Amino acid sequence: MRHSQYEFDFDRAHPVARPVAAAPAAPPLAAPSPTRQRQRRGRVAYLSGLAAESSVERDFAARGMRLLDRRWRGPGGEIDLIFRDGDRVVFVEVKAAVTHDAAAQRIQPRQADRIAASALAYLDRHAEGALTDMRLDVALVNQAGQVAVLENAFAGWW
């Protein structure tokens, strides 16, 4: 009588070990290529940016503001969120990081200039144009999703 792993010796009445072919070893896992790692980081950044913008959108809606546009692209670059607050148009740059302070450090004067240029281009599309009351805010989002808003954040930069 045979078993796949043992061969029985009926004269001795105990199993005799028979060598079994070892299963082929799994190939070692290859490290992801630098391109794939960069793509993964980019995807994570994109999704975390969307989540941060959603948190800010809910926060501004709770303040009674109406969303006009999301990720509007103008000549100076992209404006994350644009709201209407009564007669005023509020342009919001969203910054996300582990802490609010870390997010605030990501704001650069050059970026403020680009946002302002795009905001003016956006207002040119409306009847009141550049006479429209406007405000440029920065919304800081920490890793817990808490939102801190710096109203008129770029005042005094120009």
# chains A, B, ... in the order shown; residues from 1 in each chain; ligands from 1
>>> residues_around(residues="Thr99 (chain A)", least_positions_apart="4", cutoff="9 Å", atoms="only C-alpha atoms", output="list in words")
Ala103, Ala104, Leu140, Val141, Asn142, Gln143 and Ala144 of chain A
>>> residues_around(residues="Ala117 (chain A)", least_positions_apart="3", cutoff="6 Å", atoms="only C-alpha atoms", output="list in words")
Gly76, Arg114 and Leu120 of chain A
>>> closest_atom_pairs(of="region 42-136 of chain A", to="region 29-37 of chain A", cutoff="12 Å", atoms="only C-alpha atoms", output="tab-separated table")
residue	atom	partner	partner_atom	distance
A:Gly42	CA	A:Gln37	CA	8.5
A:Arg43	CA	A:Gln37	CA	9.8
A:Val44	CA	A:Gln37	CA	10.6
>>> select_by_dssp(residues="region 34-101 of chain A", states="strand (DSSP E or B)", output="ChimeraX atom specification")
/A:66-74,77-85,88-96
>>> write_last_selection(atoms="C-alpha atoms", output="short mmCIF file (atom, residue, chain, number, x, y, z; two decimals), in the first residue's frame")
data_model
loop_
_atom_site.label_atom_id
_atom_site.label_comp_id
_atom_site.auth_asym_id
_atom_site.auth_seq_id
_atom_site.Cartn_x
_atom_site.Cartn_y
_atom_site.Cartn_z
CA ARG A 66 -23.00 78.23 -2.48
CA LEU A 67 -20.44 76.38 -4.59
CA LEU A 68 -19.94 77.96 -8.02
CA ASP A 69 -17.00 75.99 -9.40
CA ARG A 70 -14.58 73.27 -8.44
CA ARG A 71 -11.00 73.07 -9.79
CA TRP A 72 -11.49 75.96 -12.18
CA ARG A 73 -8.49 76.51 -14.44
CA GLY A 74 -7.57 80.04 -15.43
CA GLY A 77 -3.48 78.17 -12.75
CA GLU A 78 -6.14 76.22 -10.95
CA ILE A 79 -8.43 77.56 -8.23
CA ASP A 80 -9.58 74.70 -6.03
CA LEU A 81 -13.03 75.96 -5.00
CA ILE A 82 -15.11 79.03 -5.80
CA PHE A 83 -18.11 80.03 -3.67
CA ARG A 84 -20.76 82.71 -3.66
CA ASP A 85 -21.34 84.39 -0.29
CA ARG A 88 -19.15 88.29 -2.77
CA VAL A 89 -17.22 85.62 -4.65
CA VAL A 90 -14.83 83.65 -2.46
CA PHE A 91 -11.87 81.87 -4.07
CA VAL A 92 -10.43 79.09 -1.93
CA GLU A 93 -7.02 77.46 -2.15
CA VAL A 94 -7.01 74.14 -0.26
CA LYS A 95 -3.82 72.93 1.41
CA ALA A 96 -3.63 69.57 3.16
#
>>> select_by_dssp(residues="region 2-111 of chain A", states="helix (DSSP H, G or I)", output="JSON, numbers by chain")
{"A": [34, 35, 36, 37, 38, 39, 40, 41, 42, 43, 44, 45, 46, 47, 48, 49, 50, 51, 52, 53, 54, 55, 56, 57, 58, 59, 60, 61, 62, 100, 101, 102, 103, 104, 109, 110, 111]}
>>> closest_residue(among="A:Ser118, A:Asp113, A:His100, A:Asp124", to="Phe154 (chain A)", atoms="only C-alpha atoms")
A:Asp113
>>> atom_distance(atom1="CA of Ile115 (chain A)", atom2="CA of Ala97 (chain A)")
19.8 Å
>>> atom_distance(atom1="CA of Ile107 (chain A)", atom2="CA of Gly64 (chain A)")
26.1 Å
>>> closest_residue(among="A:Tyr122, A:Val56, A:Leu50, A:Ala102", to="Val138 (chain A)", atoms="only C-alpha atoms")
A:Val56
>>> residues_around(residues="Ser54 (chain A)", least_positions_apart="5", cutoff="10 Å", atoms="only C-alpha atoms", output="ChimeraX atom specification")
/A:48-49,59-60,81,94,145
